[in-house]
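What's in model_13.cif: mmCIF, C-alpha atoms and all ligand atoms
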```cif
data_start
#
loop_
_atom_site.label_atom_id
_atom_site.label_comp_id
_atom_site.auth_asym_id
_atom_site.auth_seq_id
_atom_site.Cartn_x
_atom_site.Cartn_y
_atom_site.Cartn_z
CA MET A 58 0.00 0.00 0.00
CA LYS A 59 0.97 3.69 -0.19
CA ALA A 60 1.81 5.59 3.00
CA ILE A 61 3.83 8.53 4.33
CA ARG A 62 6.53 6.62 6.18
CA ILE A 63 9.14 8.47 8.24
CA ASP A 64 12.41 6.55 7.79
CA GLU A 65 14.29 9.40 9.43
CA PHE A 66 13.05 12.67 10.89
CA VAL A 67 12.81 15.42 8.24
CA ARG A 68 13.89 19.06 8.37
CA ASP A 69 11.79 20.13 5.41
CA LEU A 70 8.12 19.06 5.35
CA ALA A 71 8.14 19.54 1.54
CA THR A 72 10.27 16.37 1.25
CA LEU A 73 7.44 14.14 2.51
CA SER A 74 5.91 11.95 -0.20
CA PRO A 75 4.02 8.63 -0.34
CA LYS A 76 6.03 5.42 -0.59
CA ASP A 77 5.16 1.79 -1.28
CA VAL A 78 5.23 0.04 2.10
CA PRO A 79 4.14 -3.43 3.30
CA SER A 80 0.44 -3.65 4.21
CA PRO A 81 -0.14 -3.44 7.97
CA LYS A 82 -0.90 -6.50 10.11
CA PRO A 83 -2.97 -6.76 13.32
CA LYS A 84 -0.83 -6.26 16.46
CA GLY A 85 -3.33 -7.84 18.85
CA PRO A 86 -6.45 -10.06 18.89
CA ARG A 87 -8.76 -7.03 19.26
CA ASP A 88 -7.33 -5.20 16.25
CA ILE A 89 -9.71 -4.12 13.54
CA GLY A 90 -8.72 -3.57 9.91
CA VAL A 91 -9.79 -0.26 8.39
CA GLN A 92 -9.62 1.06 4.84
CA ILE A 93 -8.79 4.73 5.36
CA THR A 94 -10.97 7.24 3.49
CA HIS A 95 -9.76 10.44 5.22
CA ALA A 96 -6.95 11.55 7.52
CA ALA A 97 -6.72 14.75 9.57
CA LEU A 98 -3.62 16.93 9.92
CA THR A 99 -2.72 17.82 13.48
CA HIS A 100 -0.06 19.87 15.20
CA VAL A 101 1.33 16.59 16.57
CA ASP A 102 1.95 15.26 13.02
CA MET A 103 4.01 18.33 12.22
CA LEU A 104 6.14 17.70 15.32
CA TYR A 105 6.38 13.90 14.80
CA ALA A 106 7.68 14.34 11.22
CA GLN A 107 10.52 16.48 12.55
CA GLY A 108 11.19 14.52 15.75
CA LEU A 109 10.22 17.51 17.91
CA HIS A 110 7.50 15.91 20.07
CA GLN A 111 8.08 14.62 23.61
CA ASN A 112 6.96 11.14 22.39
CA ASN A 113 9.77 11.02 19.80
CA GLY A 114 12.24 10.24 22.59
CA ARG A 115 10.55 6.94 23.53
CA HIS A 116 7.31 5.87 21.86
CA VAL A 117 7.53 7.18 18.29
CA LYS A 118 10.84 6.55 16.54
CA PRO A 119 11.59 5.91 12.84
CA PRO A 120 10.59 3.98 10.92
CA PHE A 121 6.90 4.77 11.47
CA ILE A 122 3.92 5.80 9.37
CA LEU A 123 2.94 9.39 10.08
CA GLY A 124 -0.59 10.53 10.92
CA ASN A 125 -2.73 10.13 14.00
CA GLU A 126 -6.36 10.68 13.08
CA PHE A 127 -8.51 9.02 10.42
CA ALA A 128 -11.92 7.90 9.31
CA GLY A 129 -12.60 4.86 7.18
CA ILE A 130 -14.50 1.62 6.62
CA VAL A 131 -14.00 -1.59 8.61
CA THR A 132 -12.55 -4.35 6.43
CA SER A 133 -11.99 -7.05 9.08
CA ALA A 134 -12.90 -7.54 12.72
CA PRO A 135 -12.66 -10.37 15.28
CA PRO A 136 -16.00 -12.21 15.82
CA SER A 137 -16.27 -10.72 19.34
CA SER A 138 -16.35 -7.16 17.97
CA SER A 139 -19.53 -5.16 17.56
CA LEU A 140 -17.94 -3.36 14.60
CA ARG A 141 -18.71 -5.39 11.47
CA PRO A 142 -17.03 -5.06 8.06
CA GLY A 143 -18.63 -2.21 6.14
CA THR A 144 -19.11 -0.03 9.26
CA ARG A 145 -17.94 3.60 8.95
CA VAL A 146 -15.53 4.38 11.82
CA PHE A 147 -13.22 7.13 13.00
CA GLY A 148 -10.30 6.88 15.33
CA ALA A 149 -6.91 7.99 16.55
CA THR A 150 -3.98 5.60 16.04
CA LEU A 151 -0.47 6.27 14.78
CA GLY A 152 -0.15 5.44 11.08
CA SER A 153 -3.14 7.20 9.50
CA PHE A 154 -1.39 8.72 6.45
CA ALA A 155 -1.87 5.41 4.66
CA GLU A 156 -4.42 3.42 2.70
CA HIS A 157 -5.05 0.88 5.48
CA ILE A 158 -4.55 0.65 9.23
CA TYR A 159 -5.19 -1.78 12.09
CA ALA A 160 -6.50 -0.20 15.28
CA ASP A 161 -7.54 -1.56 18.67
CA GLU A 162 -11.33 -1.57 19.01
CA ASN A 163 -11.02 0.81 22.00
CA GLY A 164 -9.51 3.42 19.71
CA LEU A 165 -12.40 3.35 17.22
CA ARG A 166 -15.89 4.84 17.23
CA GLU A 167 -18.73 4.40 14.75
CA VAL A 168 -19.29 7.53 12.63
CA PRO A 169 -22.53 9.20 13.82
CA LYS A 170 -25.22 8.89 11.10
CA GLN A 171 -25.45 12.66 10.60
CA TRP A 172 -21.72 12.99 9.79
CA THR A 173 -19.72 12.17 6.66
CA ASN A 174 -16.39 10.41 7.19
CA ALA A 175 -14.64 13.74 6.53
CA GLU A 176 -16.64 15.39 9.32
CA ALA A 177 -15.98 12.58 11.78
CA CYS A 178 -12.29 12.75 10.88
CA ALA A 179 -12.26 16.51 11.55
CA VAL A 180 -13.53 15.86 15.08
CA GLY A 181 -11.36 12.79 15.74
CA ALA A 182 -10.14 12.70 19.33
CA SER A 183 -10.22 16.51 19.66
CA GLY A 184 -13.75 16.52 21.04
CA ALA A 185 -12.93 13.97 23.74
CA ILE A 186 -9.66 15.74 24.63
CA SER A 187 -11.48 19.07 24.99
CA TRP A 188 -14.41 17.56 26.92
CA GLY A 189 -11.97 15.86 29.33
CA SER A 190 -10.06 19.13 29.81
CA LEU A 191 -13.10 21.33 30.40
CA VAL A 192 -15.34 18.91 32.30
CA SER A 193 -13.27 16.19 34.00
CA VAL A 194 -10.36 18.46 34.84
CA ALA A 195 -11.52 22.09 35.00
CA ASN A 196 -15.09 21.30 36.13
CA LEU A 197 -16.53 24.12 34.00
CA LYS A 198 -20.10 24.93 35.03
CA ARG A 199 -23.13 26.64 33.48
CA GLY A 200 -22.98 30.41 33.92
CA GLU A 201 -19.19 30.53 34.21
CA THR A 202 -16.86 32.14 31.66
CA ALA A 203 -14.25 30.09 29.81
CA LEU A 204 -11.27 31.46 27.90
CA ILE A 205 -10.11 29.25 25.03
CA LEU A 206 -6.48 29.83 23.91
CA GLY A 207 -5.79 28.31 20.49
CA ALA A 208 -9.52 28.53 19.75
CA SER A 209 -9.17 28.33 15.95
CA GLY A 210 -7.24 25.03 16.04
CA GLY A 211 -8.59 21.50 15.80
CA LEU A 212 -8.83 21.15 19.58
CA GLY A 213 -9.93 24.74 20.15
CA VAL A 214 -12.97 24.66 17.84
CA MET A 215 -14.23 21.68 19.85
CA ALA A 216 -13.49 23.38 23.19
CA VAL A 217 -15.50 26.47 22.20
CA GLN A 218 -18.53 24.39 21.22
CA ILE A 219 -18.33 22.14 24.29
CA ALA A 220 -18.10 25.13 26.66
CA LYS A 221 -21.12 26.71 24.94
CA ALA A 222 -23.07 23.44 25.15
CA LEU A 223 -22.32 23.34 28.90
CA GLY A 224 -23.92 26.78 29.25
CA ALA A 225 -20.73 28.80 29.74
CA LYS A 226 -19.89 32.19 28.24
CA VAL A 227 -16.91 31.73 25.87
CA ILE A 228 -14.10 34.11 25.00
CA ALA A 229 -11.94 32.82 22.13
CA VAL A 230 -8.38 33.93 21.37
CA VAL A 231 -7.39 33.65 17.68
CA GLY A 232 -4.79 35.03 15.24
CA ASP A 233 -6.68 36.84 12.45
CA GLU A 234 -9.99 38.19 11.10
CA GLU A 235 -10.92 35.10 9.10
CA LYS A 236 -10.43 32.90 12.18
CA ALA A 237 -12.41 35.39 14.28
CA ARG A 238 -15.38 35.11 11.87
CA MET A 239 -15.12 31.31 11.84
CA ILE A 240 -15.04 30.96 15.63
CA LYS A 241 -17.96 33.39 16.08
CA SER A 242 -19.98 31.16 13.76
CA THR A 243 -19.36 28.24 16.16
CA GLY A 244 -20.89 30.24 19.04
CA ALA A 245 -18.04 32.15 20.75
CA ASP A 246 -19.46 35.15 22.62
CA GLY A 247 -16.30 37.25 22.46
CA VAL A 248 -13.17 37.07 20.29
CA VAL A 249 -9.74 38.59 20.92
CA ASP A 250 -6.75 38.63 18.54
CA TYR A 251 -3.54 37.55 20.27
CA HIS A 252 -1.52 40.00 18.14
CA GLU A 253 -3.12 42.91 20.00
CA LYS A 254 -0.97 44.48 22.70
CA ASP A 255 -2.26 43.65 26.21
CA TRP A 256 -4.91 41.31 24.83
CA GLU A 257 -5.19 39.84 28.33
CA ASN A 258 -6.73 43.10 29.61
CA LYS A 259 -9.23 43.01 26.78
CA VAL A 260 -10.26 39.50 27.87
CA LYS A 261 -10.73 40.66 31.47
CA ALA A 262 -12.79 43.63 30.32
CA MET A 263 -15.15 41.22 28.56
CA THR A 264 -16.00 39.40 31.79
CA GLU A 265 -19.15 40.52 33.63
CA ASP A 266 -17.43 42.07 36.67
CA GLY A 267 -14.03 42.66 35.07
CA GLN A 268 -12.45 40.17 37.51
CA GLY A 269 -11.44 37.64 34.88
CA VAL A 270 -12.55 34.24 33.63
CA HIS A 271 -13.37 31.17 35.72
CA VAL A 272 -11.56 28.69 33.48
CA VAL A 273 -8.67 28.96 31.02
CA TYR A 274 -8.22 26.17 28.44
CA ASP A 275 -4.64 26.57 27.18
CA ALA A 276 -3.75 24.72 23.95
CA ILE A 277 -0.88 27.07 23.05
CA GLY A 278 1.42 27.21 26.10
CA ALA A 279 0.56 30.64 27.51
CA VAL A 280 0.15 29.94 31.22
CA GLU A 281 1.43 33.33 32.31
CA SER A 282 -1.06 35.15 30.05
CA GLY A 283 -3.77 32.71 31.11
CA LEU A 284 -3.12 33.46 34.78
CA ARG A 285 -3.45 37.19 34.04
CA CYS A 286 -6.91 36.54 32.57
CA LEU A 287 -8.01 34.27 35.43
CA ARG A 288 -10.14 35.45 38.36
CA TYR A 289 -9.39 34.61 42.01
CA ARG A 290 -9.67 30.82 42.56
CA GLY A 291 -9.91 30.24 38.81
CA ARG A 292 -8.85 27.00 37.14
CA LEU A 293 -6.39 26.68 34.26
CA VAL A 294 -5.90 23.49 32.30
CA ILE A 295 -2.74 23.02 30.24
CA VAL A 296 -3.63 21.11 27.08
CA GLY A 297 -0.84 21.90 24.61
CA PHE A 298 2.01 24.14 23.52
CA ALA A 299 1.14 25.04 19.91
CA ALA A 300 2.74 28.49 20.23
CA ARG A 301 5.98 27.50 21.90
CA GLU A 302 8.00 25.93 19.06
CA GLY A 303 9.52 23.48 21.50
CA LYS A 304 10.67 26.09 24.05
CA MET A 305 8.74 25.66 27.27
CA GLU A 306 7.57 28.54 29.42
CA ASN A 307 9.04 29.36 32.84
CA ILE A 308 6.38 30.87 35.07
CA GLN A 309 6.55 32.79 38.34
CA ALA A 310 4.94 30.36 40.81
CA ASN A 311 3.82 33.25 43.05
CA ARG A 312 1.26 34.21 40.36
CA ILE A 313 -0.50 30.91 41.02
CA LEU A 314 -0.48 31.51 44.76
CA LEU A 315 -1.64 35.14 44.54
CA LYS A 316 -4.82 34.07 42.77
CA SER A 317 -5.28 30.80 44.71
CA ALA A 318 -5.44 29.34 41.23
CA MET A 319 -5.59 25.69 40.29
CA VAL A 320 -3.28 24.75 37.40
CA HIS A 321 -3.71 21.25 36.03
CA GLY A 322 -2.28 19.34 33.06
CA TYR A 323 -4.28 16.89 30.97
CA ARG A 324 -2.50 14.36 28.75
CA PHE A 325 -5.31 12.48 27.03
CA GLY A 326 -3.35 9.50 25.65
CA GLU A 327 -1.44 8.78 28.84
CA ASP A 328 -4.58 9.32 30.93
CA GLY A 329 -6.26 6.63 28.85
CA ARG A 330 -3.39 4.22 29.52
CA GLN A 331 -3.36 4.98 33.29
CA ASP A 332 -7.11 5.30 33.81
CA PRO A 333 -9.15 3.81 30.94
CA THR A 334 -12.37 4.14 32.94
CA ARG A 335 -12.08 7.93 33.05
CA THR A 336 -11.31 8.07 29.33
CA GLU A 337 -14.42 5.98 28.63
CA GLU A 338 -16.47 8.47 30.69
CA VAL A 339 -14.87 11.32 28.77
CA TRP A 340 -15.77 9.76 25.41
CA ASN A 341 -19.33 9.06 26.57
CA GLY A 342 -19.71 12.64 27.82
CA PHE A 343 -18.56 14.05 24.51
CA MET A 344 -20.63 11.63 22.39
CA ASP A 345 -23.75 12.66 24.38
CA LEU A 346 -23.23 16.17 23.01
CA VAL A 347 -22.76 14.75 19.51
CA VAL A 348 -26.06 12.84 19.77
CA LYS A 349 -27.77 16.09 20.84
CA GLU A 350 -26.23 17.66 17.69
CA SER A 351 -24.46 20.33 19.78
CA ILE A 352 -21.18 19.75 17.92
CA LYS A 353 -20.42 20.93 14.39
CA PRO A 354 -17.27 19.52 12.72
CA ILE A 355 -15.11 22.34 11.31
CA ILE A 356 -13.22 21.39 8.12
CA TYR A 357 -10.65 23.83 6.71
CA LYS A 358 -11.80 25.24 3.34
CA LYS A 359 -8.87 24.01 1.19
CA ASN A 360 -9.30 20.67 -0.56
CA TYR A 361 -6.39 18.26 -0.02
CA VAL A 362 -6.69 15.17 -2.20
CA GLY A 363 -4.51 12.06 -1.95
CA LEU A 364 -1.51 11.21 0.20
CA GLU A 365 0.58 13.43 -2.14
CA SER A 366 -1.12 16.45 -0.53
CA VAL A 367 -0.07 15.62 3.07
CA SER A 368 3.15 17.57 2.67
CA GLN A 369 1.38 20.77 1.44
CA ALA A 370 -1.26 20.46 4.18
CA LEU A 371 1.46 20.23 6.86
CA ILE A 372 3.23 23.25 5.34
CA ASP A 373 -0.05 25.24 5.45
CA LEU A 374 -0.52 24.19 9.08
CA GLY A 375 2.99 25.41 9.89
CA LYS A 376 2.22 28.75 8.19
CA HIS A 377 -0.87 29.30 10.43
CA THR A 378 -3.25 29.57 7.49
CA VAL A 379 -5.34 26.59 8.58
CA TRP A 380 -8.31 26.78 10.96
CA GLY A 381 -10.40 23.88 12.27
CA ARG A 382 -8.99 20.66 10.81
CA ALA A 383 -7.33 20.25 7.43
CA ILE A 384 -8.53 16.94 5.99
CA VAL A 385 -6.74 14.81 3.39
CA ARG A 386 -9.18 12.88 1.20
CA ILE A 387 -7.40 9.56 0.72
CA ASN A 388 -10.20 7.41 -0.73
CA GLU A 389 -13.51 9.26 -0.72
CA GLU A 390 -14.72 7.00 -3.52
CA ALA A 391 -14.83 4.05 -1.08
CA GLU A 392 -17.28 5.97 1.16
CA ARG A 393 -19.45 6.93 -1.85
CA GLU A 394 -19.55 3.30 -3.07
CA LEU A 395 -20.48 2.06 0.41
CA LYS A 396 -23.33 4.58 0.69
CA ALA A 397 -24.57 3.67 -2.79
CA ARG A 398 -24.75 -0.02 -1.78
CA LEU A 399 -26.82 0.70 1.39
N1 LIG B 1 -3.20 17.30 26.02
C1 LIG B 1 -3.35 16.39 25.09
O1 LIG B 1 -3.64 15.24 25.35
C2 LIG B 1 -3.19 16.79 23.65
C3 LIG B 1 -3.66 15.94 22.63
C4 LIG B 1 -3.49 16.35 21.31
C5 LIG B 1 -2.84 17.55 21.02
N2 LIG B 1 -2.36 18.31 22.05
C6 LIG B 1 -1.65 19.57 21.80
O2 LIG B 1 -2.60 20.61 21.76
C7 LIG B 1 -2.09 21.68 20.97
C8 LIG B 1 -3.14 22.11 19.96
O3 LIG B 1 -3.35 21.05 19.06
P1 LIG B 1 -4.25 21.25 17.75
O4 LIG B 1 -4.30 19.95 17.07
O5 LIG B 1 -5.50 21.95 18.10
O6 LIG B 1 -3.30 22.24 16.91
P2 LIG B 1 -3.68 23.14 15.66
O7 LIG B 1 -4.94 22.65 15.01
O8 LIG B 1 -2.45 23.29 14.86
O9 LIG B 1 -4.04 24.55 16.33
C9 LIG B 1 -3.04 25.31 16.97
C10 LIG B 1 -3.67 26.57 17.51
O10 LIG B 1 -2.66 27.31 18.20
C11 LIG B 1 -2.70 28.66 17.79
N3 LIG B 1 -1.38 29.28 17.86
C12 LIG B 1 -0.25 28.89 17.22
N4 LIG B 1 0.76 29.74 17.51
C13 LIG B 1 0.25 30.68 18.33
C14 LIG B 1 0.79 31.83 18.97
N5 LIG B 1 2.07 32.20 18.82
N6 LIG B 1 -0.02 32.56 19.79
C15 LIG B 1 -1.31 32.21 19.96
N7 LIG B 1 -1.90 31.14 19.35
C16 LIG B 1 -1.12 30.38 18.56
C17 LIG B 1 -3.19 28.59 16.34
O11 LIG B 1 -3.75 29.84 15.97
P3 LIG B 1 -3.13 30.64 14.72
O12 LIG B 1 -3.15 29.70 13.57
O13 LIG B 1 -4.04 31.81 14.55
O14 LIG B 1 -1.74 31.04 15.12
C18 LIG B 1 -4.25 27.48 16.44
O15 LIG B 1 -5.46 27.99 16.90
C19 LIG B 1 -0.79 21.18 20.36
O16 LIG B 1 0.28 21.65 21.13
C20 LIG B 1 -0.90 19.67 20.49
O17 LIG B 1 0.37 19.05 20.58
C21 LIG B 1 -2.54 17.96 23.34
#
```
Just give me the structure of the file as structure tokens.
Amino acid sequence: MKAIRIDEFVRDLATLSPKDVPSPKPKGPRDIGVQITHAALTHVDMLYAQGLHQNNGRHVKPPFILGNEFAGIVTSAPPSSSLRPGTRVFGATLGSFAEHIYADENGLREVPKQWTNAEACAVGASGAISWGSLVSVANLKRGETALILGASGGLGVMAVQIAKALGAKVIAVVGDEEKARMIKSTGADGVVDYHEKDWENKVKAMTEDGQGVHVVYDAIGAVESGLRCLRYRGRLVIVGFAAREGKMENIQANRILLKSAMVHGYRFGEDGRQDPTRTEEVWNGFMDLVVKESIKPIIYKKNYVGLESVSQALIDLGKHTVWGRAIVRINEEAERELKARL
């Protein structure tokens, strides 16, 4: 099959191209075979290709197939599985920039009837990660105000919608006008551009009493700014470091004390390995919102077709032009044929 295989970490994303590689094999008895129709581009893929992610030290070393999120059609499943061949699924497993993948049943979900595979792929694990951050960790409640940093990204567009569905007021921080319009259309009450000087004061001024937000969801690595926006006894959850280019932030610990703030990390993948029960609750909580149709997948406007386009999509991601999720259409024909047969 064709796949984007990393034989050694690359410096230039433009050098990535599909190669002929051996077809994948199941790694365990619960593994399900999937023909991939779509794959999503994430910040993590950009880092993995270059060996810049914390996981590249231990878990993810060359050779490996790039890509973490996908949607597709089940081709084979053990008899014990509820997922039968022909079922449309989406999931998050390393190796998604390929024509086929095997994934543990736990890592797969059936595509909700109202979504296309592309839409399910755009949501991927981002909805569950954001639900876990805002609900399980930060305990965001109706009537509170949430600040979403990195709101235009794949995780952020989910966080905004989840916070709104929970009944919170949402202030979104984004990088340009087009992203501001997009995030308003998903329900954000207020939008601030992070290029503005003292944008943190603007956020505070948007809160009802000017005291700051109850919860900060930080997908970019801006804890110090987040603390400035937080009210007394606020909660801040660290989700990612999209703005840090590998250089971590040093923060003055007294700023946490002065606000009696709670600062908490949430590492979705590791949390699932350490505490699968909580991750199951997180998925169920998020999928309840999907069933209520409170979540709209956000697909970036540019059409990326075929594995050949992975490289350009990653370059666009690195240039900050993308909002929501960029989706690579690997085999959309397979989804069309399946729907025509049903
Ligand atoms: N905790 C977990 O379990 C978990 C799981 C998956 C991913 N993550 C991490 O979460 C982060 C977000 O992932 P994603 O997939 O949503 O990434 P993404 O789709 O690439 O979005 C990144 C977001 O960060 C913003 N951003 C980038 N540079 C910025 C800067 N200098 N100042 C302010 N905002 C900036 C981008 O806005 P502009 O384009 O406007 O700059 C965009 O909204 C990544 O660090 C990823 O590694 C964490």
Have a look at A:Ala383, A:Ala96, A:Ile122, A:Leu314 and name the one nearest to ligand LIG 1 (chain B); count only C-alpha atoms and all ligand atoms. A:Ala383
So which residues touch A:Thr243 within 9 Å, counting all atoms listed in the file, skipping near sequence neighbours fewer than 2 positions away, as a tab-separated table (two decimals) with C-alpha atoms, in the frame of the given file?
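The new file around-v6.tsv reads:
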```tsv
chain	number	residue	atom	x	y	z
A	214	VAL	CA	-12.97	24.66	17.84
A	217	VAL	CA	-15.50	26.47	22.20
A	218	GLN	CA	-18.53	24.39	21.22
A	239	MET	CA	-15.12	31.31	11.84
A	240	ILE	CA	-15.04	30.96	15.63
A	241	LYS	CA	-17.96	33.39	16.08
A	245	ALA	CA	-18.04	32.15	20.75
A	352	ILE	CA	-21.18	19.75	17.92
A	353	LYS	CA	-20.42	20.93	14.39
A	355	ILE	CA	-15.11	22.34	11.31
```
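Using only C-alpha atoms, the shortest contact distance between A:Leu123 and any of A:Thr94, A:Ser183, A:Ser74, A:Ser138 is found at A:Ser74.
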Contacts between ligand LIG 1 (chain B) and chain A, please, where a residue of chain A counts if it comes within 7 Å (with all atoms listed in the file); show its shortest atom pair and distance in Å to one decimal, rows by chain and ascending number, as a tab-separated table.
```
residue	atom	partner	partner_atom	distance
A:Thr99	CA	B:LIG1	O4	4.5
A:His100	CA	B:LIG1	O8	4.2
A:Val101	CA	B:LIG1	O17	4.8
A:Ser183	CA	B:LIG1	C4	6.9
A:Ile186	CA	B:LIG1	O1	6.1
A:Leu206	CA	B:LIG1	N7	6.6
A:Gly207	CA	B:LIG1	O15	3.6
A:Ala208	CA	B:LIG1	O15	5.0
A:Ser209	CA	B:LIG1	O15	3.8
A:Gly210	CA	B:LIG1	O9	3.2
A:Gly211	CA	B:LIG1	O5	3.9
A:Leu212	CA	B:LIG1	O5	3.7
A:Gly213	CA	B:LIG1	O5	5.6
A:Val231	CA	B:LIG1	O13	4.9
A:Gly232	CA	B:LIG1	O13	3.4
A:Asp233	CA	B:LIG1	O13	6.1
A:Lys236	CA	B:LIG1	O13	6.9
A:Tyr251	CA	B:LIG1	C15	5.8
A:Ala276	CA	B:LIG1	C7	4.6
A:Ile277	CA	B:LIG1	O10	5.2
A:Val296	CA	B:LIG1	N1	4.0
A:Gly297	CA	B:LIG1	O2	3.6
A:Phe298	CA	B:LIG1	O16	3.9
A:Ala299	CA	B:LIG1	O16	3.7
A:Ala300	CA	B:LIG1	N4	3.6
A:Arg301	CA	B:LIG1	N5	6.8
A:Tyr323	CA	B:LIG1	N1	5.1
A:Arg324	CA	B:LIG1	O1	3.7
A:Phe325	CA	B:LIG1	O1	3.6
A:Gly326	CA	B:LIG1	O1	5.8
A:Leu374	CA	B:LIG1	O8	6.2
A:His377	CA	B:LIG1	O12	3.9
A:Thr378	CA	B:LIG1	O12	6.1
A:Val379	CA	B:LIG1	O12	6.3
A:Trp380	CA	B:LIG1	O12	6.5
A:Gly381	CA	B:LIG1	O7	6.2
A:Arg382	CA	B:LIG1	O7	6.2
```
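Near A:Asp69, within 12 Å and counting all atoms listed in the file, sit Glu65, Phe66, Thr72, Leu73, Ser74, Met103, Leu104, Ala106, Gln107, Gly108, Ser368, Gln369, Leu371, Ile372 and Gly375 of chain A, not including residues fewer than 3 positions from it in the same chain.
For the residues A:Lys59, A:Lys259, A:Lys82, A:Arg292, ranking by smallest atom-to-atom distance to A:Ala195 using all atoms listed in the file places A:Arg292 first.
The space separating atom CA of A:Thr144 from atom CA of A:Leu98 comes to 23.0 Å.
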When you look at A:Ser80 with a cut-off of 10 Å (counting only C-alpha atoms), what residues show up, excluding the ones that are within fewer than 3 positions of it in the same chain? I need them as a PyMOL selection string. chain A and resi 58-60+77+155-159
State, in Å with one decimal place, the distance from atom CA of A:Phe121 to atom CA of A:Pro81. 11.4 Å
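Using all atoms listed in the file, the set of residues no farther than 10 Å from the position (-18.1, 7.3, 12.2) comprises A:Phe127, A:Ala128, A:Gly129, A:Ile130, A:Thr144, A:Arg145, A:Val146, A:Phe147, A:Gly148, A:Leu165, A:Arg166, A:Glu167, A:Val168, A:Pro169, A:Lys170, A:Gln171, A:Trp172, A:Thr173, A:Asn174, A:Ala175, A:Glu176, A:Ala177, A:Cys178, A:Gly181.
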Can you tell me, as a JSON list (two decimals) with C-alpha atoms, keeping the file's coordinate frame, what residues are no more than 8 Å from A:Glu162 when counting all atoms listed in the file, ignoring any on the same chain fewer than 4 positions away?
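Ended up saving to part01.json:
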```
[["chain", "number", "residue", "atom", "x", "y", "z"],
["A", 87, "ARG", "CA", -8.76, -7.03, 19.26],
["A", 88, "ASP", "CA", -7.33, -5.20, 16.25],
["A", 89, "ILE", "CA", -9.71, -4.12, 13.54],
["A", 138, "SER", "CA", -16.35, -7.16, 17.97]]
```
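Counting all atoms listed in the file and comparing A:Glu327, A:Glu201, A:Glu394, A:Glu126, the residue that lies closest to A:Val272 is A:Glu201.
Taking atom CA of A:His321 and atom CA of A:Gly124 as endpoints, the distance between them is 27.5 Å.
If all atoms listed in the file are the atoms counted, then among A:Val362, A:Ile228, A:Val348, A:Val367 the closest residue to A:Glu390 is A:Val362.
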